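Asker: One structure follows; several queries about it will come next.
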Amino acid sequence: MSTITIRNVWKEYDERVVLERINLDIESRAFVALVGPSGCGKTTFLRMLLSEEAPSKGEILIDGKPLAGEPTAERGVVFQRYSVFPHLTVLGNVLLSLEFERGGFFARLFGGARRKAMEEARAMLDCVGLAEHEKKYPAQLSGGMQQRLALAQTLIRKPKVLLLDEPFGALDPGIRGDIHALMRRLWNEESLTVVMVTHDLSEAFGLATRVIAFERPRLDPVDGDRYGAVIKEDIEVWPRRIAGADSPHRTPVLVSNSPAPGLDDPAASKGLGQDDLALQA
Amino acid sequence: MRAINRQIKPGPRLLLGALPFLLVIIAYLAGSAIRLADNPSDKLLPALTTMADAIDRMAFTPDKRTGEILWWVDTVSSLARIGVALAFATVISLVVGIAVGLLPIMRALMSSFIAVISMVPPLAILPILFIMLGLGETSKVTLIVIGIAPVMIRDLALRTEEMPTQQLIKAQTLGASTFGIVQRVVLPQLLPRLIDSIRLNMGPAWLFLIAAEAIASESGLGYRIFLVRRYLAMDVILPYVAWITLLAFLMDYSLRALQDRMFPWFAGARAS
């Protein structure tokens with residue numbers, strides 16, 4: 001269980017207000033996508049969830065307890081870039097998570113403990129589809145594979161909350177589809193509350209249970225910097241996705257007797273408006 | 001075709017690379033021949049045979065007075081000094097560089113101090129070292145360390161600071177302690193950059209070594225050069241200079257080879 005409560009959070013830098021009056025309750029195992037134009041403060045918001053920055057006002061609670069003042073293992077993160085360690089192999093990267101957890105002062109495991117950790121790391125790599133690349137260094141992997149590795153490295157620590165900062169923004173569309181499928185599966189299987197920053201609306205509606213849009217109101221251009229971004233929209237994706245349950249967004253034809261429509265066939269009716277973005281999932 | 005697009009084939013490239021060396025050698029031989037034709041006892045540009053005699057005398061014949069082979073005695077004592085000094089400079093710059101680059105409190109404490117210290121001209125404080133530490137090995141090694149360590153500290157502190165913040169945040173979200181981050185994330189990524197730093201500081205290290213040996217020493221490559229200078233013994237000085245150059249080149253080359261071998265990930269990480 002890992003609810004996130006944001007109470008009247010403001011963030012200001014000197015004279016500039018970045019975010020104001022942010023109130024949000026994120027329920028356990030939700031998948032929240034934060035969208036908004038560049039510079040609207042969505043990454044700043046994620047940084048506050050990470051404790052990389054502190055709110056100027058207000059408070060953030062996880063399971064009713066205030067956030068620690070620095071990043072901790074209860075909140076995992078995947079950034080767009082530099083999320084993995086370039087000096088370690090794929091296996092070494094995942095193993096390092098366990099070595100930080102169990103390796104004590106020197107963050108190293110030996111003997112049986114190391115073998116056991118390696119087994120766990122291999123299982124995790126298998127889960128994200130990197131099993132045959134375990135000896136490679138990150139520079140030898142494609143962008144999509146690096147992000148899979150970053151996910152594996154983070155999830156093996158079993159964080160309560162997973163924070164994603166435009167993790168798939170730099171990937172090719174095809175690869176992005178694969179990693180979206182992986183992301184959906186991980187969210188269903190692991191006990192995770194996910195908060196993802198993205199500028200891709202279809203990604204937001206395709207993955208999330210709830211899409212939150214930040215926007216900076218332009219009440220008066222003269223004192224524009226005195227108004228921070230606020231929550232402009234808070235949309236529950238419908239029909240509801242529920243973690244661990246079958247997705248309502250898949251075509252139900254798989255259980256019916258009629259053959260699944262081919263790629264070029266007209267889309268099967270799902271009882272939804274064709275403009276519903278949720279259909280793109 | 002534009003000059004920037006004109007690629008050189010491997011064969012001609014090798015030839016072009018060798019050309020400056022050949023030109024220097026030819027110029028020397030011609031100059032030497034002209035001067036020797038004028039005055040057979042000229043000492044400024046000795047013939048190759050004269051130099052070969054000198055090398056034979058220095059490197060393969062025991063000295064009449066001490067029974068030692070001077071060339072090797074000089075080489076060993078110079079290499080020992082520079083090796084010890086590099087070891088000290090390496091350890092100091094790694095420890096201080098990481099501390100300053102990673103820990104805000106150390107940065108606040110040390111960064112302006114190091115910035116000022118690195119501006120002190122090391123040769124200007126050489127007399128102080130001789131007065132305080134005597135004329136022995138300590139003062140020479142200290143001069144080299146004082147000469148190169150501040151620069152290396154600043155270099156490694158900068159390299160530490162320029163590591164992506166994301167990596168440090170990520171390590172923290174994996175539950176790493178400060179010490180865990182230092183030894184599993186920062187130090188391993190700094191080591192190949194340390195080798196770069198040593199390579200760049202090898203030139204200054206030799207400079208300070210030879211300066212210290214020239215002023216007060218009983219052996220060493222720099223000592224020998226400055227000793228025989230009194231007799232205009234160019235036939236000894238030139239081979240010694242070539243030998244020092246070769247040693248420095250070999251040290252540089254082996255450091256680069258060590259970097260490639262020990263840190264196979266580094267080339268790819270540097271490119272990205």
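To be explicit about the labels: the chains of the structure tokens are called A, B, and onward in the order shown, and within each one the residues are counted from 1, while ligands get numbers from 1 in the order they are shown.
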Using only C-alpha atoms, determine which residues lie at most 10 Å from Cys127 (chain A), disregarding the query and same-chain residues fewer than 2 positions distant; provide the list as a ChimeraX atom specification.
Answerer: /A:121-125,129-131,148,152,182,185-186
Asker: List as a PyMOL selection string the protein and nucleic acid residues near Arg184 (chain B), meaning an atom at most 8 Å away when only C-alpha atoms are counted, but skip any in the same chain fewer than 4 places from it.
Answerer: (chain A and resi 107) or (chain B and resi 180+188)
Asker: Counting only C-alpha atoms, what is within 10 Å of region 56-59 of chain A, bar same-chain residues fewer than 6 positions away, as a list in words?
Answerer: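 Counting only C-alpha atoms, the residues come to Thr5, Ile6, Arg7, Asn8, Val9, Trp10, Lys11, Glu12, Tyr13, Val17, Leu19, Glu20, Arg21, Ile22, Asn23, Met48, Lys65, Pro66 and Leu67 of chain A.
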Asker: May I have the residues of chain B within 8 Å of chain A, counting only C-alpha atoms, written as a short mmCIF file (atom, residue, chain, number, x, y, z; two decimals) with C-alpha atoms, in the first residue's frame?
Answerer:
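Now in part38.cif:
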data_model
loop_
_atom_site.label_atom_id
_atom_site.label_comp_id
_atom_site.auth_asym_id
_atom_site.auth_seq_id
_atom_site.Cartn_x
_atom_site.Cartn_y
_atom_site.Cartn_z
CA PRO B 164 25.29 13.40 -14.16
CA GLN B 166 20.81 11.51 -12.21
CA GLN B 167 23.38 8.84 -11.41
CA ILE B 169 20.05 10.35 -7.35
CA LYS B 170 19.55 6.91 -8.84
CA GLN B 172 20.38 6.98 -3.56
CA THR B 173 17.04 5.52 -4.63
CA LEU B 174 18.76 2.13 -4.64
CA GLY B 175 19.60 2.71 -0.98
CA ALA B 176 23.28 3.61 -1.31
CA SER B 177 25.15 5.40 1.49
CA PHE B 179 30.52 5.80 1.10
CA GLY B 180 28.70 3.23 -1.05
CA GLN B 183 33.29 3.39 -3.95
CA ARG B 184 30.73 1.79 -6.28
CA VAL B 185 29.68 4.72 -8.47
CA PRO B 188 35.25 3.36 -10.58
CA GLN B 189 34.16 6.02 -13.05
CA PHE B 263 38.21 0.08 -18.42
CA TRP B 265 33.48 0.54 -20.96
CA PHE B 266 35.20 3.91 -20.92
CA GLY B 268 31.79 4.01 -25.16
CA ALA B 269 30.82 6.01 -22.10
CA SER B 272 27.93 9.15 -25.40
#
Asker: Might you pull out every residue within 7 Å of Ile26 (chain A), with only C-alpha atoms counted and same-chain residues fewer than 2 positions away left off, and present them as number ranges by chain?
Answerer: A: 3-5, 24, 28, 30
Asker: Keeping all heavy atoms, export the residues of the selection given above as a compact mmCIF listing (two decimals), in the first residue's frame.
Answerer:
# COMPACT_ATOMS: atom_id res chain seq x y z
N THR A 3 -0.07 5.17 -0.73
CA THR A 3 -0.78 6.34 -1.24
C THR A 3 0.14 7.55 -1.14
O THR A 3 1.00 7.62 -0.26
CB THR A 3 -2.05 6.61 -0.40
OG1 THR A 3 -1.64 6.82 0.95
CG2 THR A 3 -3.01 5.45 -0.46
N ILE A 4 -0.07 8.47 -2.06
CA ILE A 4 0.70 9.71 -2.03
C ILE A 4 -0.28 10.86 -1.82
O ILE A 4 -1.29 10.94 -2.52
CB ILE A 4 1.48 9.93 -3.35
CG1 ILE A 4 2.29 8.69 -3.69
CG2 ILE A 4 2.37 11.16 -3.25
CD1 ILE A 4 2.95 8.77 -5.04
N THR A 5 0.00 11.68 -0.84
CA THR A 5 -0.87 12.82 -0.57
C THR A 5 -0.07 14.09 -0.74
O THR A 5 1.01 14.23 -0.14
CB THR A 5 -1.42 12.76 0.86
OG1 THR A 5 -1.91 11.42 1.09
CG2 THR A 5 -2.55 13.75 1.05
N LEU A 24 -3.37 16.96 -4.19
CA LEU A 24 -3.56 15.74 -4.97
C LEU A 24 -3.56 14.56 -4.01
O LEU A 24 -2.78 14.52 -3.07
CB LEU A 24 -2.38 15.62 -5.94
CG LEU A 24 -2.56 14.94 -7.29
CD1 LEU A 24 -3.69 15.58 -8.06
CD2 LEU A 24 -1.26 15.08 -8.08
N SER A 28 -3.22 4.10 -3.82
CA SER A 28 -2.26 3.03 -3.96
C SER A 28 -2.45 2.32 -5.30
O SER A 28 -3.57 2.10 -5.74
CB SER A 28 -2.47 2.04 -2.81
OG SER A 28 -1.41 1.14 -2.79
N ALA A 30 -2.06 3.32 -8.22
CA ALA A 30 -2.50 4.14 -9.36
C ALA A 30 -1.33 4.31 -10.32
O ALA A 30 -0.17 4.09 -9.96
CB ALA A 30 -2.98 5.50 -8.87
Asker: Which residues come within 12 Å of Trp243 (chain B), counting only C-alpha atoms, excluding same-chain residues fewer than 2 positions away, as a ChimeraX atom specification?
Answerer: /B:55,59,71-72,74-75,78,221-222,225,236-241,245-250
Asker: Can you spit out the residues from that selection as a PDB file, in the first residue's frame, using N, CA, C and O atoms?
Answerer:
ATOM      1  N   ILE B  55      77.374   6.866 -25.572  1.00  0.00           N
ATOM      2  CA  ILE B  55      76.375   5.945 -25.027  1.00  0.00           C
ATOM      3  C   ILE B  55      77.074   4.697 -24.493  1.00  0.00           C
ATOM      4  O   ILE B  55      76.770   4.204 -23.399  1.00  0.00           O
ATOM      5  N   ALA B  59      76.480   3.856 -20.768  1.00  0.00           N
ATOM      6  CA  ALA B  59      75.446   2.856 -20.532  1.00  0.00           C
ATOM      7  C   ALA B  59      75.985   1.432 -20.451  1.00  0.00           C
ATOM      8  O   ALA B  59      75.286   0.531 -19.998  1.00  0.00           O
ATOM      9  N   TRP B  71      74.554   5.436 -16.524  1.00  0.00           N
ATOM     10  CA  TRP B  71      73.271   5.583 -17.251  1.00  0.00           C
ATOM     11  C   TRP B  71      72.148   4.924 -16.471  1.00  0.00           C
ATOM     12  O   TRP B  71      71.093   5.523 -16.253  1.00  0.00           O
ATOM     13  N   TRP B  72      72.396   3.709 -16.004  1.00  0.00           N
ATOM     14  CA  TRP B  72      71.327   2.983 -15.305  1.00  0.00           C
ATOM     15  C   TRP B  72      71.106   3.505 -13.902  1.00  0.00           C
ATOM     16  O   TRP B  72      69.975   3.568 -13.430  1.00  0.00           O
ATOM     17  N   ASP B  74      71.453   6.567 -13.023  1.00  0.00           N
ATOM     18  CA  ASP B  74      70.673   7.790 -13.220  1.00  0.00           C
ATOM     19  C   ASP B  74      69.211   7.459 -13.522  1.00  0.00           C
ATOM     20  O   ASP B  74      68.291   8.053 -12.964  1.00  0.00           O
ATOM     21  N   THR B  75      69.029   6.490 -14.414  1.00  0.00           N
ATOM     22  CA  THR B  75      67.655   6.144 -14.808  1.00  0.00           C
ATOM     23  C   THR B  75      66.869   5.642 -13.604  1.00  0.00           C
ATOM     24  O   THR B  75      65.736   6.081 -13.359  1.00  0.00           O
ATOM     25  N   SER B  78      66.054   8.486 -11.103  1.00  0.00           N
ATOM     26  CA  SER B  78      65.031   9.407 -11.615  1.00  0.00           C
ATOM     27  C   SER B  78      63.655   8.745 -11.635  1.00  0.00           C
ATOM     28  O   SER B  78      62.653   9.341 -11.210  1.00  0.00           O
ATOM     29  N   LEU B 221      68.877  11.582 -14.090  1.00  0.00           N
ATOM     30  CA  LEU B 221      69.064  11.967 -15.487  1.00  0.00           C
ATOM     31  C   LEU B 221      69.286  13.472 -15.601  1.00  0.00           C
ATOM     32  O   LEU B 221      70.153  13.929 -16.340  1.00  0.00           O
ATOM     33  N   GLY B 222      68.483  14.242 -14.847  1.00  0.00           N
ATOM     34  CA  GLY B 222      68.645  15.696 -14.890  1.00  0.00           C
ATOM     35  C   GLY B 222      69.981  16.125 -14.310  1.00  0.00           C
ATOM     36  O   GLY B 222      70.648  17.015 -14.843  1.00  0.00           O
ATOM     37  N   ILE B 225      72.748  15.539 -16.935  1.00  0.00           N
ATOM     38  CA  ILE B 225      72.734  16.514 -18.037  1.00  0.00           C
ATOM     39  C   ILE B 225      73.377  17.821 -17.583  1.00  0.00           C
ATOM     40  O   ILE B 225      74.213  18.401 -18.266  1.00  0.00           O
ATOM     41  N   VAL B 236      76.789  13.468 -24.730  1.00  0.00           N
ATOM     42  CA  VAL B 236      76.076  12.798 -23.638  1.00  0.00           C
ATOM     43  C   VAL B 236      74.685  13.394 -23.471  1.00  0.00           C
ATOM     44  O   VAL B 236      73.697  12.672 -23.292  1.00  0.00           O
ATOM     45  N   ILE B 237      74.623  14.720 -23.552  1.00  0.00           N
ATOM     46  CA  ILE B 237      73.338  15.380 -23.296  1.00  0.00           C
ATOM     47  C   ILE B 237      72.266  14.918 -24.291  1.00  0.00           C
ATOM     48  O   ILE B 237      71.157  14.566 -23.891  1.00  0.00           O
ATOM     49  N   LEU B 238      72.620  14.901 -25.569  1.00  0.00           N
ATOM     50  CA  LEU B 238      71.598  14.557 -26.575  1.00  0.00           C
ATOM     51  C   LEU B 238      71.037  13.148 -26.373  1.00  0.00           C
ATOM     52  O   LEU B 238      69.814  12.968 -26.350  1.00  0.00           O
ATOM     53  N   PRO B 239      71.875  12.112 -26.195  1.00  0.00           N
ATOM     54  CA  PRO B 239      71.297  10.783 -25.927  1.00  0.00           C
ATOM     55  C   PRO B 239      70.471  10.754 -24.644  1.00  0.00           C
ATOM     56  O   PRO B 239      69.433  10.079 -24.589  1.00  0.00           O
ATOM     57  N   TYR B 240      70.879  11.503 -23.611  1.00  0.00           N
ATOM     58  CA  TYR B 240      70.099  11.529 -22.371  1.00  0.00           C
ATOM     59  C   TYR B 240      68.724  12.147 -22.618  1.00  0.00           C
ATOM     60  O   TYR B 240      67.710  11.637 -22.124  1.00  0.00           O
ATOM     61  N   VAL B 241      68.710  13.231 -23.392  1.00  0.00           N
ATOM     62  CA  VAL B 241      67.413  13.861 -23.690  1.00  0.00           C
ATOM     63  C   VAL B 241      66.516  12.891 -24.469  1.00  0.00           C
ATOM     64  O   VAL B 241      65.325  12.717 -24.167  1.00  0.00           O
ATOM     65  N   THR B 245      62.970  11.368 -23.227  1.00  0.00           N
ATOM     66  CA  THR B 245      61.784  11.454 -24.080  1.00  0.00           C
ATOM     67  C   THR B 245      61.170  10.072 -24.284  1.00  0.00           C
ATOM     68  O   THR B 245      59.948   9.896 -24.191  1.00  0.00           O
ATOM     69  N   LEU B 246      62.041   9.095 -24.547  1.00  0.00           N
ATOM     70  CA  LEU B 246      61.544   7.737 -24.767  1.00  0.00           C
ATOM     71  C   LEU B 246      60.855   7.210 -23.505  1.00  0.00           C
ATOM     72  O   LEU B 246      59.768   6.625 -23.572  1.00  0.00           O
ATOM     73  N   LEU B 247      61.476   7.426 -22.349  1.00  0.00           N
ATOM     74  CA  LEU B 247      60.866   6.958 -21.094  1.00  0.00           C
ATOM     75  C   LEU B 247      59.486   7.598 -20.895  1.00  0.00           C
ATOM     76  O   LEU B 247      58.513   6.914 -20.572  1.00  0.00           O
ATOM     77  N   ALA B 248      59.428   8.923 -21.105  1.00  0.00           N
ATOM     78  CA  ALA B 248      58.155   9.617 -20.922  1.00  0.00           C
ATOM     79  C   ALA B 248      57.114   9.085 -21.900  1.00  0.00           C
ATOM     80  O   ALA B 248      55.955   8.861 -21.544  1.00  0.00           O
ATOM     81  N   PHE B 249      57.555   8.858 -23.142  1.00  0.00           N
ATOM     82  CA  PHE B 249      56.632   8.348 -24.143  1.00  0.00           C
ATOM     83  C   PHE B 249      56.119   6.960 -23.749  1.00  0.00           C
ATOM     84  O   PHE B 249      54.921   6.676 -23.843  1.00  0.00           O
ATOM     85  N   LEU B 250      57.035   6.104 -23.278  1.00  0.00           N
ATOM     86  CA  LEU B 250      56.624   4.742 -22.901  1.00  0.00           C
ATOM     87  C   LEU B 250      55.653   4.784 -21.711  1.00  0.00           C
ATOM     88  O   LEU B 250      54.686   4.015 -21.664  1.00  0.00           O
TER      89      LEU B 250
END
Asker: Interatomic distance between CA of Asp56 (chain B) and CA of Ala233 (chain B)?
Answerer: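 Answer for the CA of Asp56 (chain B) to CA of Ala233 (chain B) separation: 14.4 Å.
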Asker: Can you pull out every residue from region 82-276 of chain A that DSSP, working from the backbone, puts in helix (DSSP H, G or I), and format the result as a count of residues only?
Answerer: 85
Asker: Please compute the CA of Gly220 (chain B)-CA of Leu79 (chain B) distance, one decimal, in Å.
Answerer: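 Going from CA of Gly220 (chain B) over to CA of Leu79 (chain B) covers 8.5 Å.
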Asker: Excluding Ala212 (chain B) and its own-chain neighbours fewer than 4 positions away, which residues fall within 8 Å of it when counting only C-alpha atoms? Please give them as JSON, numbers by chain.
Answerer: {"B": [126, 140, 143, 208, 216, 217]}
Asker: Restricted to C-alpha atoms, what would the selected residues look like written as a PDB file, in the first residue's frame?
Answerer:
ATOM      1  CA  LEU B 126      61.964  24.911  -4.208  1.00  0.00           C
ATOM      2  CA  LYS B 140      62.675  16.440  -4.763  1.00  0.00           C
ATOM      3  CA  LEU B 143      58.506  19.409  -5.325  1.00  0.00           C
ATOM      4  CA  PHE B 208      59.970  19.449 -11.811  1.00  0.00           C
ATOM      5  CA  ALA B 216      70.913  19.462  -5.794  1.00  0.00           C
ATOM      6  CA  SER B 217      71.496  15.805  -6.434  1.00  0.00           C
TER       7      SER B 217
END
Asker: So that I can see what lies close to region 39-46 of chain B, please list as a list in words the residues with an atom at most 7 Å from it, counting only C-alpha atoms and leaving out residues fewer than 6 positions away in the same chain.
Answerer: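 With the cut-off at 7 Å, the set is Ser32, Leu232, Ala233, Met234 and Asp235 of chain B.
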Asker: Enter the distance from CA of Glu166 (chain A) to CA of Leu61 (chain A), in Å, rounded to one decimal.
Answerer: 23.1 Å
Asker: Rank nothing, just name the residue among B:Ser93, B:Ser139, B:Ser254, B:Ser197 nearest to Ile215 (chain B), using only C-alpha atoms.
Answerer: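 Ranking B:Ser93, B:Ser139, B:Ser254, B:Ser197 by distance to Ile215 (chain B), first place goes to B:Ser139.
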Asker: Smallest atom-to-atom distance to Ala80 (chain B): which of B:Gln259, B:Thr165, B:Thr66, B:Thr138, using only C-alpha atoms?
Answerer: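 Looking only at the distances to Ala80 (chain B), the closest residue turns out to be B:Thr138.
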